[in-house]
$ cat target.csv   # CSV, C-alpha atoms
chain,number,residue,atom,x,y,z
A,1,MET,CA,-63.5,6.9,-43.1
A,2,THR,CA,-60.9,9.5,-44.2
A,3,SER,CA,-60.7,9.9,-48.0
A,4,ILE,CA,-57.3,9.4,-49.7
A,5,ILE,CA,-56.0,12.6,-51.3
A,6,GLN,CA,-53.2,12.3,-53.9
A,7,SER,CA,-51.8,14.0,-57.0
A,8,PRO,CA,-53.3,13.3,-60.4
A,9,PRO,CA,-51.5,10.7,-62.4
A,10,PHE,CA,-50.6,13.3,-65.1
A,11,THR,CA,-48.9,15.5,-62.5
A,12,GLN,CA,-47.0,12.5,-61.2
A,13,ARG,CA,-45.8,11.8,-64.8
A,14,VAL,CA,-44.7,15.4,-65.3
A,15,VAL,CA,-42.7,15.3,-62.1
A,16,GLN,CA,-41.1,11.9,-63.0
A,17,ALA,CA,-40.3,13.1,-66.5
A,18,MET,CA,-38.6,16.3,-65.2
A,19,ARG,CA,-36.6,14.3,-62.6
A,20,SER,CA,-35.5,11.9,-65.3
A,21,LEU,CA,-34.2,14.8,-67.4
A,22,TYR,CA,-32.9,17.0,-64.6
A,23,PRO,CA,-32.5,15.1,-61.3
A,24,GLU,CA,-33.2,17.3,-58.2
A,25,GLU,CA,-30.0,15.8,-56.7
A,26,LEU,CA,-28.0,18.1,-59.1
A,27,ALA,CA,-29.5,21.3,-57.7
A,28,ASP,CA,-27.5,23.5,-55.3
A,29,ARG,CA,-29.8,22.9,-52.2
A,30,THR,CA,-27.6,25.1,-50.0
A,31,TRP,CA,-29.8,28.0,-51.2
A,32,ASP,CA,-32.1,26.8,-54.0
A,33,ASN,CA,-35.7,25.5,-53.7
A,34,VAL,CA,-36.5,23.0,-56.3
A,35,GLY,CA,-39.1,20.3,-56.9
A,36,LEU,CA,-42.9,20.1,-56.7
A,37,LEU,CA,-43.5,23.3,-54.9
A,38,GLN,CA,-47.3,23.3,-55.2
A,39,GLU,CA,-49.4,20.2,-55.6
A,40,ASN,CA,-52.8,19.6,-57.1
A,41,ILE,CA,-55.5,17.0,-56.3
A,42,ASP,CA,-56.8,14.0,-58.2
A,43,TYR,CA,-60.6,14.4,-58.3
A,44,SER,CA,-61.1,11.6,-60.8
A,45,GLN,CA,-63.0,9.5,-58.2
A,46,SER,CA,-65.2,12.4,-57.1
A,47,PRO,CA,-68.8,12.7,-58.2
A,48,SER,CA,-67.9,16.1,-59.7
A,49,SER,CA,-64.9,14.8,-61.5
A,50,ALA,CA,-66.2,15.8,-65.0
A,51,ALA,CA,-65.9,19.5,-64.0
A,52,ARG,CA,-62.7,19.2,-62.0
A,53,ASN,CA,-60.6,16.6,-63.7
A,54,VAL,CA,-57.1,17.7,-64.8
A,55,SER,CA,-56.2,18.2,-68.5
A,56,PRO,CA,-52.9,16.8,-70.0
A,57,ILE,CA,-51.5,20.3,-70.5
A,58,VAL,CA,-48.2,21.7,-69.2
A,59,LEU,CA,-47.2,25.3,-69.4
A,60,LEU,CA,-43.5,26.1,-69.3
A,61,THR,CA,-42.3,29.5,-68.0
A,62,ASN,CA,-39.1,31.1,-66.9
A,63,ASP,CA,-40.8,33.1,-64.1
A,64,LEU,CA,-44.2,32.5,-62.6
A,65,THR,CA,-45.9,35.9,-62.5
A,66,VAL,CA,-49.5,36.8,-62.0
A,67,ARG,CA,-49.9,37.2,-65.8
A,68,VAL,CA,-48.4,33.7,-66.3
A,69,ALA,CA,-50.7,32.2,-63.7
A,70,GLU,CA,-53.7,33.7,-65.4
A,71,GLU,CA,-52.5,32.4,-68.7
A,72,ALA,CA,-52.2,28.9,-67.3
A,73,ILE,CA,-55.8,29.2,-66.1
A,74,ARG,CA,-57.0,30.4,-69.5
A,75,LYS,CA,-55.2,27.6,-71.3
A,76,ARG,CA,-56.5,24.9,-68.9
A,77,ALA,CA,-53.0,23.8,-67.9
A,78,SER,CA,-52.9,21.4,-65.0
A,79,VAL,CA,-49.1,21.7,-64.3
A,80,ILE,CA,-46.8,24.7,-64.6
A,81,VAL,CA,-43.1,24.0,-65.0
A,82,SER,CA,-41.4,27.2,-63.8
A,83,TYR,CA,-37.6,27.3,-64.2
A,84,HIS,CA,-37.3,29.8,-61.4
A,85,PRO,CA,-38.8,28.7,-58.1
A,86,PHE,CA,-41.8,31.0,-57.2
A,87,ILE,CA,-41.5,30.1,-53.5
A,88,PHE,CA,-38.0,30.6,-52.0
A,89,ARG,CA,-38.7,31.3,-48.3
A,90,GLY,CA,-41.4,30.2,-45.9
A,91,LEU,CA,-44.8,31.9,-46.1
A,92,LYS,CA,-46.4,33.3,-42.9
A,93,SER,CA,-49.6,34.1,-44.6
A,94,ILE,CA,-51.5,33.5,-47.9
A,95,THR,CA,-53.4,36.7,-48.8
A,96,LEU,CA,-54.4,38.6,-51.9
A,97,GLY,CA,-52.3,41.6,-51.0
A,98,ASP,CA,-49.0,39.9,-51.9
A,99,PRO,CA,-48.6,38.9,-55.6
A,100,GLN,CA,-46.7,35.7,-54.8
A,101,GLN,CA,-49.4,34.6,-52.3
A,102,ARG,CA,-52.1,35.6,-54.8
A,103,ILE,CA,-50.6,33.2,-57.3
A,104,VAL,CA,-50.7,30.4,-54.7
A,105,LEU,CA,-54.4,31.0,-54.1
A,106,GLN,CA,-55.3,31.3,-57.8
A,107,LEU,CA,-53.5,28.1,-58.7
A,108,ALA,CA,-55.0,26.2,-55.8
A,109,GLN,CA,-58.5,27.4,-56.8
A,110,HIS,CA,-58.0,26.0,-60.3
A,111,ASN,CA,-56.2,22.9,-59.2
A,112,ILE,CA,-52.8,23.7,-60.9
A,113,ALA,CA,-49.5,22.2,-59.7
A,114,VAL,CA,-46.1,23.9,-60.0
A,115,TYR,CA,-42.8,22.2,-60.5
A,116,CYS,CA,-39.5,24.2,-60.4
A,117,PRO,CA,-36.2,22.6,-61.5
A,118,HIS,CA,-33.9,25.7,-61.5
A,119,THR,CA,-30.2,24.8,-60.7
A,120,ALA,CA,-30.8,21.1,-61.5
A,121,VAL,CA,-31.2,22.3,-65.1
A,122,ASP,CA,-28.1,24.4,-64.9
A,123,ALA,CA,-25.9,21.6,-63.6
A,124,ALA,CA,-27.1,18.7,-65.8
A,125,PRO,CA,-25.1,17.6,-68.8
A,126,GLY,CA,-27.0,18.9,-71.8
A,127,GLY,CA,-28.9,21.4,-69.7
A,128,MET,CA,-29.0,25.2,-69.5
A,129,ASN,CA,-25.3,25.9,-69.4
A,130,ASP,CA,-24.4,23.3,-72.1
A,131,TRP,CA,-27.1,24.8,-74.2
A,132,LEU,CA,-25.4,28.2,-73.9
A,133,ALA,CA,-22.0,26.7,-74.6
A,134,ASP,CA,-23.5,25.0,-77.7
A,135,MET,CA,-23.9,28.5,-79.2
A,136,LEU,CA,-20.2,28.7,-79.7
A,137,ASP,CA,-20.1,25.5,-81.8
A,138,GLY,CA,-20.5,25.4,-85.5
A,139,HIS,CA,-18.8,28.6,-86.3
A,140,GLY,CA,-15.7,27.1,-87.9
A,141,VAL,CA,-13.8,26.9,-84.6
A,142,THR,CA,-12.8,23.8,-82.8
A,143,THR,CA,-13.8,23.9,-79.1
A,144,LYS,CA,-13.0,22.1,-75.9
A,145,ARG,CA,-15.5,22.1,-73.1
A,146,SER,CA,-15.2,21.6,-69.3
A,147,VAL,CA,-17.2,22.2,-66.1
A,148,VAL,CA,-16.2,25.2,-64.1
A,149,GLN,CA,-17.6,24.1,-60.7
A,150,PRO,CA,-18.3,20.4,-60.3
A,151,THR,CA,-21.2,19.4,-58.1
A,152,ALA,CA,-20.3,18.8,-54.5
A,153,VAL,CA,-22.7,15.8,-54.0
A,154,PRO,CA,-22.8,12.4,-55.6
A,155,VAL,CA,-24.7,12.4,-58.9
A,156,PRO,CA,-27.2,9.9,-60.2
A,157,PRO,CA,-26.0,7.3,-62.7
A,158,GLY,CA,-25.8,8.7,-66.2
A,159,PHE,CA,-25.2,12.3,-65.0
A,160,GLY,CA,-21.4,12.2,-64.7
A,161,GLY,CA,-19.7,15.5,-65.4
A,162,ALA,CA,-22.5,17.5,-63.9
A,163,GLY,CA,-21.7,20.9,-62.5
A,164,PHE,CA,-22.2,24.7,-62.7
A,165,GLY,CA,-20.8,26.9,-65.4
A,166,ARG,CA,-18.9,25.8,-68.6
A,167,LEU,CA,-15.5,26.8,-69.9
A,168,VAL,CA,-15.2,26.7,-73.7
A,169,GLU,CA,-11.6,26.8,-75.1
A,170,PHE,CA,-11.1,27.6,-78.8
A,171,GLY,CA,-8.6,26.0,-81.1
A,172,HIS,CA,-7.5,29.5,-82.2
A,173,VAL,CA,-8.3,33.1,-81.2
A,174,VAL,CA,-11.7,34.5,-82.1
A,175,ASN,CA,-12.8,38.1,-82.3
A,176,LEU,CA,-15.0,39.3,-79.5
A,177,GLY,CA,-17.6,40.5,-82.0
A,178,ARG,CA,-18.1,37.0,-83.4
A,179,ILE,CA,-19.0,35.7,-80.0
A,180,VAL,CA,-21.4,38.6,-79.3
A,181,GLU,CA,-23.1,37.9,-82.6
A,182,ALA,CA,-23.4,34.1,-81.7
A,183,TYR,CA,-25.1,34.9,-78.5
A,184,ALA,CA,-27.4,37.6,-79.9
A,185,GLU,CA,-28.6,35.1,-82.5
A,186,GLY,CA,-28.8,32.1,-80.2
A,187,LEU,CA,-30.8,33.9,-77.6
A,188,GLY,CA,-33.5,34.9,-80.1
A,189,GLY,CA,-32.1,37.8,-82.2
A,190,LEU,CA,-31.1,40.2,-79.5
A,191,ARG,CA,-30.3,43.7,-80.8
A,192,TYR,CA,-28.7,45.1,-77.6
A,193,VAL,CA,-26.3,43.4,-75.1
A,194,MET,CA,-24.0,44.8,-72.4
A,195,VAL,CA,-20.3,44.6,-72.7
A,196,ALA,CA,-17.6,45.5,-70.2
A,197,ARG,CA,-14.0,45.4,-71.4
A,198,PRO,CA,-10.5,46.6,-70.7
A,199,LYS,CA,-10.0,49.9,-72.4
A,200,GLN,CA,-7.4,49.3,-75.1
A,201,SER,CA,-6.9,50.3,-78.8
A,202,MET,CA,-6.1,46.7,-79.9
A,203,PRO,CA,-8.9,44.3,-81.1
A,204,HIS,CA,-10.2,42.0,-78.3
A,205,LEU,CA,-9.2,38.5,-79.1
A,206,VAL,CA,-10.7,35.6,-77.2
A,207,ARG,CA,-9.2,32.2,-76.6
A,208,SER,CA,-11.6,30.9,-73.9
A,209,VAL,CA,-15.1,31.8,-72.6
A,210,ALA,CA,-16.6,31.0,-69.2
A,211,ILE,CA,-20.4,30.7,-69.3
A,212,CYS,CA,-23.1,30.6,-66.6
A,213,ALA,CA,-26.8,31.5,-67.0
A,214,GLY,CA,-28.6,34.0,-64.7
A,215,SER,CA,-26.3,35.7,-62.2
A,216,GLY,CA,-23.1,33.8,-62.8
A,217,TYR,CA,-20.4,35.8,-61.2
A,218,ASP,CA,-20.0,33.6,-58.1
A,219,VAL,CA,-19.6,30.6,-60.3
A,220,LEU,CA,-17.2,32.1,-62.8
A,221,LYS,CA,-15.2,34.7,-60.7
A,222,ASP,CA,-12.2,32.3,-60.1
A,223,CYS,CA,-12.1,31.0,-63.7
A,224,THR,CA,-8.8,32.7,-64.4
A,225,THR,CA,-8.2,31.2,-67.7
A,226,ALA,CA,-11.2,32.7,-69.4
A,227,ASP,CA,-10.8,35.8,-71.5
A,228,LEU,CA,-14.5,36.4,-71.6
A,229,ILE,CA,-17.3,35.9,-69.0
A,230,VAL,CA,-20.8,35.4,-70.4
A,231,THR,CA,-23.8,35.6,-68.0
A,232,GLY,CA,-27.2,37.1,-67.6
A,233,GLU,CA,-26.4,39.9,-65.2
A,234,MET,CA,-23.5,41.2,-63.1
A,235,THR,CA,-23.1,44.0,-60.6
A,236,HIS,CA,-21.0,47.1,-61.4
A,237,HIS,CA,-18.2,46.3,-59.0
A,238,ASN,CA,-17.9,42.7,-60.1
A,239,ALA,CA,-17.7,43.7,-63.8
A,240,LEU,CA,-15.1,46.4,-62.9
A,241,ARG,CA,-13.0,43.9,-61.1
A,242,LEU,CA,-13.0,41.5,-64.1
A,243,THR,CA,-12.0,44.3,-66.5
A,244,MET,CA,-9.2,45.3,-64.3
A,245,LEU,CA,-8.0,41.7,-64.5
A,246,GLY,CA,-7.9,42.1,-68.2
A,247,ARG,CA,-11.1,40.1,-69.0
A,248,CYS,CA,-14.2,41.1,-71.0
A,249,VAL,CA,-17.8,40.6,-69.8
A,250,LEU,CA,-20.9,40.0,-71.9
A,251,THR,CA,-24.3,40.2,-70.1
A,252,VAL,CA,-27.7,39.8,-71.8
A,253,PHE,CA,-30.1,40.4,-68.9
A,254,HIS,CA,-30.9,37.7,-66.4
A,255,SER,CA,-33.8,35.8,-67.9
A,256,ASN,CA,-32.7,36.5,-71.5
A,257,SER,CA,-29.9,34.1,-70.8
A,258,GLU,CA,-32.4,31.4,-69.9
A,259,ARG,CA,-35.8,31.8,-71.4
A,260,ARG,CA,-35.2,30.5,-75.0
A,261,PHE,CA,-34.0,27.2,-73.5
A,262,LEU,CA,-37.6,26.4,-72.7
A,263,LYS,CA,-38.7,26.4,-76.4
A,264,LYS,CA,-35.5,25.1,-77.9
A,265,ARG,CA,-34.7,22.3,-75.6
A,266,LEU,CA,-37.1,21.6,-72.7
A,267,GLN,CA,-40.4,21.7,-74.6
A,268,PRO,CA,-39.4,19.0,-77.1
A,269,GLN,CA,-37.7,16.9,-74.4
A,270,LEU,CA,-40.7,16.9,-72.0
A,271,HIS,CA,-43.3,16.5,-74.8
A,272,ALA,CA,-41.4,13.4,-76.2
A,273,ILE,CA,-41.6,11.7,-72.8
A,274,LEU,CA,-45.2,12.6,-71.9
A,275,ALA,CA,-46.7,12.0,-75.3
A,276,SER,CA,-45.3,8.5,-75.4
A,277,GLU,CA,-47.9,7.7,-72.7
A,278,ASP,CA,-50.7,10.1,-73.7
A,279,ALA,CA,-50.8,11.3,-77.3
A,280,GLU,CA,-53.1,14.2,-76.3
A,281,THR,CA,-50.4,15.8,-74.1
A,282,GLU,CA,-49.6,19.4,-74.8
A,283,VAL,CA,-46.5,21.2,-73.6
A,284,LEU,CA,-46.9,24.9,-74.1
A,285,VAL,CA,-44.4,27.7,-73.7
A,286,SER,CA,-45.8,30.8,-71.9
A,287,GLU,CA,-46.6,33.8,-74.1
A,288,GLU,CA,-46.8,36.1,-71.1
A,289,ASP,CA,-43.4,35.4,-69.6
A,290,GLU,CA,-40.9,38.1,-70.3
A,291,ASP,CA,-37.9,39.9,-68.8
A,292,PRO,CA,-39.0,42.7,-66.4
A,293,PHE,CA,-36.5,45.1,-68.0
A,294,GLU,CA,-37.0,46.9,-71.3
A,295,ILE,CA,-34.4,49.0,-73.1
A,296,TRP,CA,-35.7,52.5,-73.9
A,297,ASP,CA,-34.3,54.9,-76.4
A,298,VAL,CA,-34.6,58.2,-74.5
A,299,LYS,CA,-35.1,60.0,-77.8
A,300,ASN,CA,-37.9,57.7,-78.9
A,301,MET,CA,-39.7,56.5,-75.8
A,302,PRO,CA,-43.0,54.5,-76.0
A,303,PRO,CA,-46.2,56.6,-75.8
A,304,LEU,CA,-47.1,55.2,-72.4
A,305,ALA,CA,-44.1,57.1,-70.9
A,306,TYR,CA,-46.1,60.3,-71.5
A,307,ASP,CA,-49.6,58.9,-71.0
A,308,LYS,CA,-50.2,59.0,-74.7
A,309,LYS,CA,-52.4,56.5,-76.6
$ encode --input "target.csv" --output "structure tokens"
Amino acid sequence: MTSIIQSPPFTQRVVQAMRSLYPEELADRTWDNVGLLQENIDYSQSPSSAARNVSPIVLLTNDLTVRVAEEAIRKRASVIVSYHPFIFRGLKSITLGDPQQRIVLQLAQHNIAVYCPHTAVDAAPGGMNDWLADMLDGHGVTTKRSVVQPTAVPVPPGFGGAGFGRLVEFGHVVNLGRIVEAYAEGLGGLRYVMVARPKQSMPHLVRSVAICAGSGYDVLKDCTTADLIVTGEMTHHNALRLTMLGRCVLTVFHSNSERRFLKKRLQPQLHAILASEDAETEVLVSEEDEDPFEIWDVKNMPPLAYDKK
């Protein structure tokens, strides 16, 4: 008789919890790849279940790298929730020579599942882009908020107003520097950001801000009422176009615009749901996950740049 193979109950609860918070229907499936991208197996009925049963531990990460996969193994996580999908296109092989394929093999060996929500989190009310917009509240300025690009598909009940990007309009003009400070603080105390602006001698005054996490140009490019565009990264020519149109651009590096959301919003949300069923549940945030780019001072480069200890 063929044995029945299924996901562990804990994995199923994690998936259900994520879908209740950020329904997959909200994602932009014209290009995105969201959902349970790697499953694990319920061995609870197996004779060797004591050694192979899953633990109620979730690891949150922005990007699923080899270092993060190894961290999940060390910390005995049974599910990784990776904001960015670690599988985008079909795999024609699964070998150790490719880092992405190596991750698949390592996680399968240790029975770890991977769930990726990505643009479902971006579009959801109260999700990634609303979190970024929240950073402009509470600074003594009245704000009005709207969605830049509404979703093109029907949304689940309770998720009205979903869409990509947010436009924040101020009750009165605000100095550009105040907004830069708000994002530097809100994103974890950044010291350096990138600003593109029209070259003028007058102070830059902002009446409205268009916001989109990650690479947000395509979402925000036609938001003509925004004086400032805030996103993670933007190409040279796109930034040049916007400055010639008289707008300013603030970029903070792609994953810097997203990563802190995991600790500030997703971790407590997911833990509250899962712990209501199992008090031993742990929802951890990766310590190995980091932006691939560093900012180097060429007059004070790290010792490793010169093979120094």
$ residues_near_point --input "target.csv" --point "(-28.6, 26.2, -75.2)" --cutoff "9 Å" --atoms "all atoms listed in the file" --output "list of chain:residue names"
A:Gly126, A:Gly127, A:Met128, A:Asn129, A:Asp130, A:Trp131, A:Leu132, A:Ala133, A:Asp134, A:Met135, A:Gly186, A:Leu187, A:Glu258, A:Arg260, A:Phe261, A:Lys264, A:Arg265
$ write_last_selection --input "target.csv" --atoms "C-alpha atoms" --output "PDB file, keeping the file's coordinate frame"
ATOM      1  CA  GLY A 126     -27.000  18.900 -71.800  1.00  0.00           C
ATOM      2  CA  GLY A 127     -28.900  21.400 -69.700  1.00  0.00           C
ATOM      3  CA  MET A 128     -29.000  25.200 -69.500  1.00  0.00           C
ATOM      4  CA  ASN A 129     -25.300  25.900 -69.400  1.00  0.00           C
ATOM      5  CA  ASP A 130     -24.400  23.300 -72.100  1.00  0.00           C
ATOM      6  CA  TRP A 131     -27.100  24.800 -74.200  1.00  0.00           C
ATOM      7  CA  LEU A 132     -25.400  28.200 -73.900  1.00  0.00           C
ATOM      8  CA  ALA A 133     -22.000  26.700 -74.600  1.00  0.00           C
ATOM      9  CA  ASP A 134     -23.500  25.000 -77.700  1.00  0.00           C
ATOM     10  CA  MET A 135     -23.900  28.500 -79.200  1.00  0.00           C
ATOM     11  CA  GLY A 186     -28.800  32.100 -80.200  1.00  0.00           C
ATOM     12  CA  LEU A 187     -30.800  33.900 -77.600  1.00  0.00           C
ATOM     13  CA  GLU A 258     -32.400  31.400 -69.900  1.00  0.00           C
ATOM     14  CA  ARG A 260     -35.200  30.500 -75.000  1.00  0.00           C
ATOM     15  CA  PHE A 261     -34.000  27.200 -73.500  1.00  0.00           C
ATOM     16  CA  LYS A 264     -35.500  25.100 -77.900  1.00  0.00           C
ATOM     17  CA  ARG A 265     -34.700  22.300 -75.600  1.00  0.00           C
TER      18      ARG A 265
END
$ atom_distance --input "target.csv" --atom1 "CA of Ile103 (chain A)" --atom2 "CA of Pro23 (chain A)"
25.9 Å
$ closest_residue --input "target.csv" --among "A:Pro117, A:Pro99, A:Pro302, A:Gly163" --to "Arg67 (chain A)" --atoms "all atoms listed in the file"
A:Pro99
$ closest_residue --input "target.csv" --among "A:Ala184, A:Ile112, A:Val15, A:Val193" --to "Lys75 (chain A)" --atoms "only C-alpha atoms"
A:Ile112
$ closest_residue --input "target.csv" --among "A:Val104, A:Val66, A:Ile5, A:Val153" --to "Arg29 (chain A)" --atoms "only C-alpha atoms"
A:Val153
$ residues_near_point --input "target.csv" --point "(-53.7, 21.6, -69.0)" --cutoff "7 Å" --atoms "only C-alpha atoms" --output "ChimeraX atom specification"
/A:54-58,75-79
$ residues_around --input "target.csv" --residues "Glu185 (chain A)" --least-positions-apart "4" --cutoff "12 Å" --atoms "only C-alpha atoms" --output "PDB file with C-alpha atoms, in the coordinates of the input"
ATOM      1  CA  LEU A 132     -25.400  28.200 -73.900  1.00  0.00           C
ATOM      2  CA  MET A 135     -23.900  28.500 -79.200  1.00  0.00           C
ATOM      3  CA  LEU A 136     -20.200  28.700 -79.700  1.00  0.00           C
ATOM      4  CA  ARG A 178     -18.100  37.000 -83.400  1.00  0.00           C
ATOM      5  CA  ILE A 179     -19.000  35.700 -80.000  1.00  0.00           C
ATOM      6  CA  VAL A 180     -21.400  38.600 -79.300  1.00  0.00           C
ATOM      7  CA  GLU A 181     -23.100  37.900 -82.600  1.00  0.00           C
ATOM      8  CA  GLY A 189     -32.100  37.800 -82.200  1.00  0.00           C
ATOM      9  CA  LEU A 190     -31.100  40.200 -79.500  1.00  0.00           C
ATOM     10  CA  ARG A 191     -30.300  43.700 -80.800  1.00  0.00           C
ATOM     11  CA  TYR A 192     -28.700  45.100 -77.600  1.00  0.00           C
ATOM     12  CA  VAL A 193     -26.300  43.400 -75.100  1.00  0.00           C
ATOM     13  CA  VAL A 252     -27.700  39.800 -71.800  1.00  0.00           C
ATOM     14  CA  ASN A 256     -32.700  36.500 -71.500  1.00  0.00           C
ATOM     15  CA  SER A 257     -29.900  34.100 -70.800  1.00  0.00           C
ATOM     16  CA  ARG A 260     -35.200  30.500 -75.000  1.00  0.00           C
TER      17      ARG A 260
END
$ closest_residue --input "target.csv" --among "A:Ser276, A:Ser208, A:Thr119, A:Asn62" --to "Gly35 (chain A)" --atoms "all atoms listed in the file"
A:Thr119
$ atom_distance --input "target.csv" --atom1 "CA of Gly177 (chain A)" --atom2 "CA of His204 (chain A)"
8.4 Å
$ atom_distance --input "target.csv" --atom1 "CA of Gly138 (chain A)" --atom2 "CA of Leu262 (chain A)"
21.4 Å
$ residues_around --input "target.csv" --residues "Pro125 (chain A)" --least-positions-apart "6" --cutoff "7 Å" --atoms "only C-alpha atoms" --output "NGL selection string"
:A and (159 or 161-162)
$ closest_residue --input "target.csv" --among "A:Asn40, A:Thr30, A:Ser215, A:Asn111" --to "Phe88 (chain A)" --atoms "all atoms listed in the file"
A:Thr30
$ closest_residue --input "target.csv" --among "A:Cys116, A:Gln267, A:Thr95, A:Lys299" --to "Thr281 (chain A)" --atoms "only C-alpha atoms"
A:Gln267
$ residues_around --input "target.csv" --residues "Gln12 (chain A)" --least-positions-apart "6" --cutoff "10 Å" --atoms "all atoms listed in the file" --output "PyMOL selection string"
chain A and resi 6+36+39+79
$ residues_around --input "target.csv" --residues "Tyr22 (chain A)" --least-positions-apart "4" --cutoff "8 Å" --atoms "all atoms listed in the file" --output "PyMOL selection string"
chain A and resi 18+26+117+120-121+124+127
$ residues_around --input "target.csv" --residues "Cys212 (chain A)" --least-positions-apart "4" --cutoff "10 Å" --atoms "only C-alpha atoms" --output "list of chain:residue names"
A:Asp122, A:Ala123, A:Met128, A:Asn129, A:Asp130, A:Leu132, A:Ala133, A:Val148, A:Phe164, A:Gly165, A:Arg166, A:Leu167, A:Gly216, A:Tyr217, A:Asp218, A:Val219, A:Leu220, A:Ile229, A:Val230, A:Thr231, A:Gly232, A:Glu233, A:Ser257, A:Glu258
$ write_last_selection --input "target.csv" --atoms "C-alpha atoms" --output "PDB file, keeping the file's coordinate frame"
ATOM      1  CA  ASP A 122     -28.100  24.400 -64.900  1.00  0.00           C
ATOM      2  CA  ALA A 123     -25.900  21.600 -63.600  1.00  0.00           C
ATOM      3  CA  MET A 128     -29.000  25.200 -69.500  1.00  0.00           C
ATOM      4  CA  ASN A 129     -25.300  25.900 -69.400  1.00  0.00           C
ATOM      5  CA  ASP A 130     -24.400  23.300 -72.100  1.00  0.00           C
ATOM      6  CA  LEU A 132     -25.400  28.200 -73.900  1.00  0.00           C
ATOM      7  CA  ALA A 133     -22.000  26.700 -74.600  1.00  0.00           C
ATOM      8  CA  VAL A 148     -16.200  25.200 -64.100  1.00  0.00           C
ATOM      9  CA  PHE A 164     -22.200  24.700 -62.700  1.00  0.00           C
ATOM     10  CA  GLY A 165     -20.800  26.900 -65.400  1.00  0.00           C
ATOM     11  CA  ARG A 166     -18.900  25.800 -68.600  1.00  0.00           C
ATOM     12  CA  LEU A 167     -15.500  26.800 -69.900  1.00  0.00           C
ATOM     13  CA  GLY A 216     -23.100  33.800 -62.800  1.00  0.00           C
ATOM     14  CA  TYR A 217     -20.400  35.800 -61.200  1.00  0.00           C
ATOM     15  CA  ASP A 218     -20.000  33.600 -58.100  1.00  0.00           C
ATOM     16  CA  VAL A 219     -19.600  30.600 -60.300  1.00  0.00           C
ATOM     17  CA  LEU A 220     -17.200  32.100 -62.800  1.00  0.00           C
ATOM     18  CA  ILE A 229     -17.300  35.900 -69.000  1.00  0.00           C
ATOM     19  CA  VAL A 230     -20.800  35.400 -70.400  1.00  0.00           C
ATOM     20  CA  THR A 231     -23.800  35.600 -68.000  1.00  0.00           C
ATOM     21  CA  GLY A 232     -27.200  37.100 -67.600  1.00  0.00           C
ATOM     22  CA  GLU A 233     -26.400  39.900 -65.200  1.00  0.00           C
ATOM     23  CA  SER A 257     -29.900  34.100 -70.800  1.00  0.00           C
ATOM     24  CA  GLU A 258     -32.400  31.400 -69.900  1.00  0.00           C
TER      25      GLU A 258
END
$ decode --input "target.csv" --residues "region 58-69 of chain A" --atoms "N, CA and C atoms" --output "CSV table (one decimal), in the first residue's frame"
chain,number,residue,atom,x,y,z
A,58,VAL,N,10.0,29.2,13.2
A,58,VAL,CA,10.0,29.8,11.9
A,58,VAL,C,11.1,30.8,11.9
A,59,LEU,N,11.8,30.9,10.8
A,59,LEU,CA,12.9,31.9,10.6
A,59,LEU,C,12.4,32.8,9.5
A,60,LEU,N,12.4,34.1,9.8
A,60,LEU,CA,12.0,35.1,8.8
A,60,LEU,C,13.3,35.7,8.2
A,61,THR,N,13.3,35.9,6.9
A,61,THR,CA,14.4,36.5,6.2
A,61,THR,C,13.9,37.3,5.0
A,62,ASN,N,14.7,38.3,4.6
A,62,ASN,CA,14.4,39.1,3.4
A,62,ASN,C,14.8,38.3,2.2
A,63,ASP,N,16.1,37.8,2.2
A,63,ASP,CA,16.6,37.0,1.1
A,63,ASP,C,17.1,35.6,1.7
A,64,LEU,N,16.8,34.6,0.9
A,64,LEU,CA,17.2,33.2,1.3
A,64,LEU,C,18.6,32.9,0.7
A,65,THR,N,19.7,33.2,1.4
A,65,THR,CA,21.0,32.9,0.9
A,65,THR,C,21.5,31.6,1.5
A,66,VAL,N,22.7,31.1,1.1
A,66,VAL,CA,23.3,29.9,1.7
A,66,VAL,C,23.5,30.1,3.2
A,67,ARG,N,24.0,31.3,3.6
A,67,ARG,CA,24.2,31.6,5.0
A,67,ARG,C,22.9,31.5,5.8
A,68,VAL,N,21.8,32.1,5.2
A,68,VAL,CA,20.6,32.0,5.9
A,68,VAL,C,20.0,30.6,6.0
A,69,ALA,N,20.2,29.8,5.0
A,69,ALA,CA,19.8,28.4,5.0
A,69,ALA,C,20.6,27.6,6.1
